[in-house]
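Visitor: Sharing a structure, written as structure tokens. Questions coming.
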Amino acid sequence: MKKSQLLELAKVEYSPSQVETIEKAADLAAKMHAGQKRQSGEPFVSHPLSVAATLIEWEMDGDSVVAGILHDTIEDTSLTLPEIESAFGQSVAFLVDSVTKLNKTRSGMRNIDTYLPQTKDNLTKLLIAMGQDVRAIIIKLADRLHNLQTLQYMPLDVQQKIASESLAIFAPLADRLNMGRVRVQIEELSFMYLDRHEYELLRKLTKKRLSRSHQQLEHVREEVAKALVQAGIKFKMDGRIKSIYSLYKKLQKRDIDTIYDLIALRIIVEDKNACYQVLGTLHALYEPLPGRIKDYIAKPKLNGYQSLHTTVSTPDDQIVEFQIRTSQMHEYAERGLAASFHYNEKKLTDAYKTGQIAAMPANLQWIRDLQEMAAKMREGKQVDTDKMKVNLFSDLIFVHTPKGDIFNLPVGALPLDFAYRVHSDVGNRALSFRVNGKIVGFDEPLKTGDVVEVVTRNNIKPSLDWLNRVKTPQARSKISAELRRQGIQTIKRENPQRKKR
Ligand code: MN
């Protein structure tokens with residue numbers, strides 16, 4: 001990324017005075033990072049400029065773009081915060097400071113010698129920094145995305161660390177901010193580095209299946225389009241291919257023939273009423289599968305995601321998943337929180353600065369909580385960061401290997417779930433567990449921050465009893481597979497859809 005390219009991008013979306021500020025920041029960054037190189041051999045400044053370009057693409061506010069350009073200057077050059085503040089104002093300085101604090105907690109991308117594994121403190125720091133300004137975490141996501149995109153230049157062990165950390169922390173963070181597109185980008189890249197073999201396998205599998213079902217899908221598409229036109233509904237329709245990582249996750253639970261939403265059709269309409277009209281039209285045309293209708297419009301997901309989902313069966317036995325939403329819901333599902341900053345800057349920059357994000361969907365209460373806490377922190381008041389953790393990741397815990405690799409698991413997960421998450425060989429041969437240095441029983445649930453060590457023995461085999469104990473579907477399916485391999489009968493759980501077919 002060159003300065004001229006960045007300015008071309010900026011001119012489209014930002015005012016002339018903002019573009020001028022962006023240019024001033026780019027010049028300063030180039031001067032400060034002069035002589036520094038990335039692992040790729042490129043001048044270092046190409047990295048912060050790429051991060052800024054991503055922030056422009058996400059249509060973040062001008063201050064965030066400028067902070068993106070300067071995000072590595074405090075840590076890596078002689079530039080100081082007071083200097084940034086006098087040149088670009090308090091808000092930019094505050095953002096750069098927040099991102100720098102986040103950087104200190106991450107694994108070193110540039111300086112491998114000072115590479116430190118993640119510790120349990122880092123997550124807390126991450127969350128505190130988030131509390132200061134949600135924009136800092138969005139800048140951090142852009143930073144992480146670029147680091148993932150240029151990960152091929154890093155040594156193998158660093159690739160693994162960065163990829164596992166990205167999958168465990170940054171992908172869920174993007175999800176919490178409802179930044180669906182970014183989440184998928186982070187997941188695909190991380191998964192590719194973590195398990196290239198599996199990644200390639202699934203990529204080929206998807207490709208093969210896609211070409212097979214493409215023609216049949218075309219027919220469904222035409223039929224649906226005709227029915228919607230007849231019903232007088234204005235719509236846009238596109239096909240959606242499941243990402244390789246989400247396919248991988250689903251495959252951990254089921255086999256590929258029962259995965260309906262490998263391809264799905266997405267229908268985008270003008271308003272909420274039209275969404276329900278489309279649903280009615282589809283169900284009049286095809287038979288809906290039981291248990292597959294989800295109304296995330298009436299009941300949005302925690303991160304604000306809204307859409308209607310249904311899976312139908314066509315007369316020639318095609319199974320097709322549909323997502324139905326308004327264009328506004330679509331925009332928000334793809335770009336998430338970043339989209340509302342763009343909106344805010346144009347409409348109510350000052351409201352944001354005083355800590356009130358007026359355009360935030362009502363159910364994103366936790367963002368409001370964060371902003372409230374941030375305001376308190378700025379006033380020097382004590383805040384309860386534990387409470388913040390609960391709000392953000394109420395359904396996930398984060399645990400570490402003794403080497404510092406981080407994994408996320410659902411609340412209530414046991415050491416055995418962790419062992420299977422690390423690798424099926426580790427799970428299958430688990431003899432006992434040490435959590436934070438102490439031996440614990442099989443039934444002791446893990447907590448965020450735990451350091452978990454699995455003691456393995458070659459002669460250990462999973463028992464039927466393990467199946468009933470574990471909490472994650474991944475562990476369950478890996479145990480079943482191993483039991484079947486050993487010729488031990490496992491009782492299949494009822495699957496109503498499979499029975500029906
Ligand atoms: Mn960086």
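Lettering and numbering for the structure tokens are positional, with chains as A, B, ... in the shown order, residues counted from 1 in each chain, and ligands counted from 1 in the shown order.
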Quick one: residues within 8 Å of ligand 1, with only C-alpha atoms and all ligand atoms, as JSON, numbers by chain?
Guide: {"A": [47, 48, 51, 71, 72, 103, 140, 143, 144, 147]}
Visitor: Counting only C-alpha atoms, which of A:Phe44, A:Trp58, A:Phe418, A:Tyr193 gets nearest to A:Phe433?
Guide: A:Phe418
Visitor: Counting only C-alpha atoms, which residue out of A:Val411, A:Ala430, A:Leu467, A:Val66 sits closest to A:Val92?
Guide: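 Once distances to A:Val92 are computed over only C-alpha atoms, the minimum belongs to A:Val66.
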Visitor: Out of A:Leu81, A:Leu95, A:Leu228, A:Ile244, which residue has the shortest atom-to-atom distance to A:Lys207 when counting only C-alpha atoms?
Guide: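 When distances to A:Lys207 are compared using only C-alpha atoms, the smallest one comes from A:Ile244.
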Visitor: Name the residues in contact with stretch 166-168 of chain A at a cut-off of 8 Å, using only C-alpha atoms, excluding same-chain residues fewer than 2 positions from it; report them as a PDB file with N, CA and C atoms, in the first residue's frame.
Guide:
ATOM      1  N   ARG A 144      -4.880  -6.905  12.834  1.00  0.00           N
ATOM      2  CA  ARG A 144      -4.748  -8.356  12.876  1.00  0.00           C
ATOM      3  C   ARG A 144      -5.025  -8.972  11.498  1.00  0.00           C
ATOM      4  N   ILE A 162      -0.131 -17.029  15.924  1.00  0.00           N
ATOM      5  CA  ILE A 162      -0.993 -15.928  15.492  1.00  0.00           C
ATOM      6  C   ILE A 162      -2.333 -16.472  15.012  1.00  0.00           C
ATOM      7  N   ALA A 163      -2.269 -17.563  14.267  1.00  0.00           N
ATOM      8  CA  ALA A 163      -3.511 -18.127  13.729  1.00  0.00           C
ATOM      9  C   ALA A 163      -4.404 -18.645  14.851  1.00  0.00           C
ATOM     10  N   SER A 164      -3.822 -19.327  15.844  1.00  0.00           N
ATOM     11  CA  SER A 164      -4.677 -19.888  16.895  1.00  0.00           C
ATOM     12  C   SER A 164      -5.252 -18.768  17.762  1.00  0.00           C
ATOM     13  N   PHE A 170      -9.903 -13.121  18.143  1.00  0.00           N
ATOM     14  CA  PHE A 170     -10.292 -12.044  17.237  1.00  0.00           C
ATOM     15  C   PHE A 170     -11.518 -12.389  16.396  1.00  0.00           C
ATOM     16  N   ALA A 171     -11.660 -13.660  16.018  1.00  0.00           N
ATOM     17  CA  ALA A 171     -12.869 -14.031  15.275  1.00  0.00           C
ATOM     18  C   ALA A 171     -14.124 -13.862  16.155  1.00  0.00           C
ATOM     19  N   PRO A 172     -14.106 -14.372  17.414  1.00  0.00           N
ATOM     20  CA  PRO A 172     -15.281 -14.109  18.262  1.00  0.00           C
ATOM     21  C   PRO A 172     -15.515 -12.623  18.524  1.00  0.00           C
ATOM     22  N   ILE A 186     -11.057 -13.601   8.915  1.00  0.00           N
ATOM     23  CA  ILE A 186     -10.118 -14.025   9.960  1.00  0.00           C
ATOM     24  C   ILE A 186     -10.153 -15.543  10.112  1.00  0.00           C
ATOM     25  N   GLU A 187     -11.353 -16.110  10.104  1.00  0.00           N
ATOM     26  CA  GLU A 187     -11.472 -17.562  10.278  1.00  0.00           C
ATOM     27  C   GLU A 187     -10.830 -18.336   9.130  1.00  0.00           C
ATOM     28  N   SER A 190      -6.955 -17.999   9.337  1.00  0.00           N
ATOM     29  CA  SER A 190      -6.405 -18.700  10.499  1.00  0.00           C
ATOM     30  C   SER A 190      -6.475 -20.205  10.298  1.00  0.00           C
ATOM     31  N   PHE A 191      -7.625 -20.644   9.837  1.00  0.00           N
ATOM     32  CA  PHE A 191      -7.822 -22.080   9.648  1.00  0.00           C
ATOM     33  C   PHE A 191      -6.832 -22.628   8.621  1.00  0.00           C
ATOM     34  N   PHE A 398     -12.008 -18.728  27.961  1.00  0.00           N
ATOM     35  CA  PHE A 398     -10.735 -18.771  27.247  1.00  0.00           C
ATOM     36  C   PHE A 398      -9.706 -19.463  28.125  1.00  0.00           C
ATOM     37  N   ILE A 406      -3.958 -20.284  22.989  1.00  0.00           N
ATOM     38  CA  ILE A 406      -5.237 -19.980  23.616  1.00  0.00           C
ATOM     39  C   ILE A 406      -6.379 -20.643  22.844  1.00  0.00           C
ATOM     40  N   PHE A 407      -7.357 -21.161  23.574  1.00  0.00           N
ATOM     41  CA  PHE A 407      -8.515 -21.792  22.956  1.00  0.00           C
ATOM     42  C   PHE A 407      -9.780 -21.249  23.610  1.00  0.00           C
ATOM     43  N   ASN A 408     -10.846 -21.111  22.839  1.00  0.00           N
ATOM     44  CA  ASN A 408     -12.106 -20.773  23.488  1.00  0.00           C
ATOM     45  C   ASN A 408     -13.005 -22.000  23.519  1.00  0.00           C
TER      46      ASN A 408
END
Visitor: Determine the nearest neighbour of A:His400 from the options A:Lys24, A:Arg221, A:Lys250, A:Arg421, counting only C-alpha atoms.
Guide: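 Closest residue, counting only C-alpha atoms: A:Arg421.
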Visitor: Which distance in Å separates atom CA of A:Val19 and atom CA of A:Thr100, to one decimal?
Guide: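 A separation of 23.7 Å between them.
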Visitor: Could you list, as a PyMOL selection string, every residue within 10 Å of A:Ile22, counting only C-alpha atoms and ignoring same-chain residues fewer than 4 positions away?
Guide: chain A and resi 3+6-7+10+14+16-18+26-28+52+62-63+65-69+88
Visitor: Looking at A:Met329, A:Val312, A:Met192, A:Met32, which one is nearest to A:Ile297, with distances taken over only C-alpha atoms?
Guide: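 Going through A:Met329, A:Val312, A:Met192, A:Met32 one by one, the smallest distance to A:Ile297 is for A:Met329.
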Visitor: Might you pull out every residue within 12 Å of A:Asp97, with only C-alpha atoms counted and same-chain residues fewer than 2 positions away left off, and present them as number ranges by chain?
Guide: A: 67-68, 70-75, 79-82, 84-85, 90-95, 99-104, 129-130, 132-133, 135-137, 139-140
Visitor: For the alpha helix (DSSP H) assignment from backbone DSSP, which residues of stretch 117-223 of chain A qualify? Please present them as an MDAnalysis selection string.
Guide: chainID A and resid 120:132 134:149 156:165 171:176 180:194 196:223
Visitor: Just list the residues in stretch 385-440 of chain A DSSP gives strand (DSSP E or B) on the backbone, as a list in words.
Guide: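 These are the residues in question: Leu396, Ile397, Phe398, Val399, His400, Ile406, Phe407, Asn408, Leu409, Pro410, Ala430, Leu431, Ser432, Phe433, Arg434, Val435, Lys438, Ile439 and Val440 of chain A.
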Visitor: Nearest to A:Gln323 among A:Gly239, A:Gly437, A:Gly487, A:Gly89, with distances taken over only C-alpha atoms: which residue is it?
Guide: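 With only C-alpha atoms as the atom set, the closest residue is A:Gly239.
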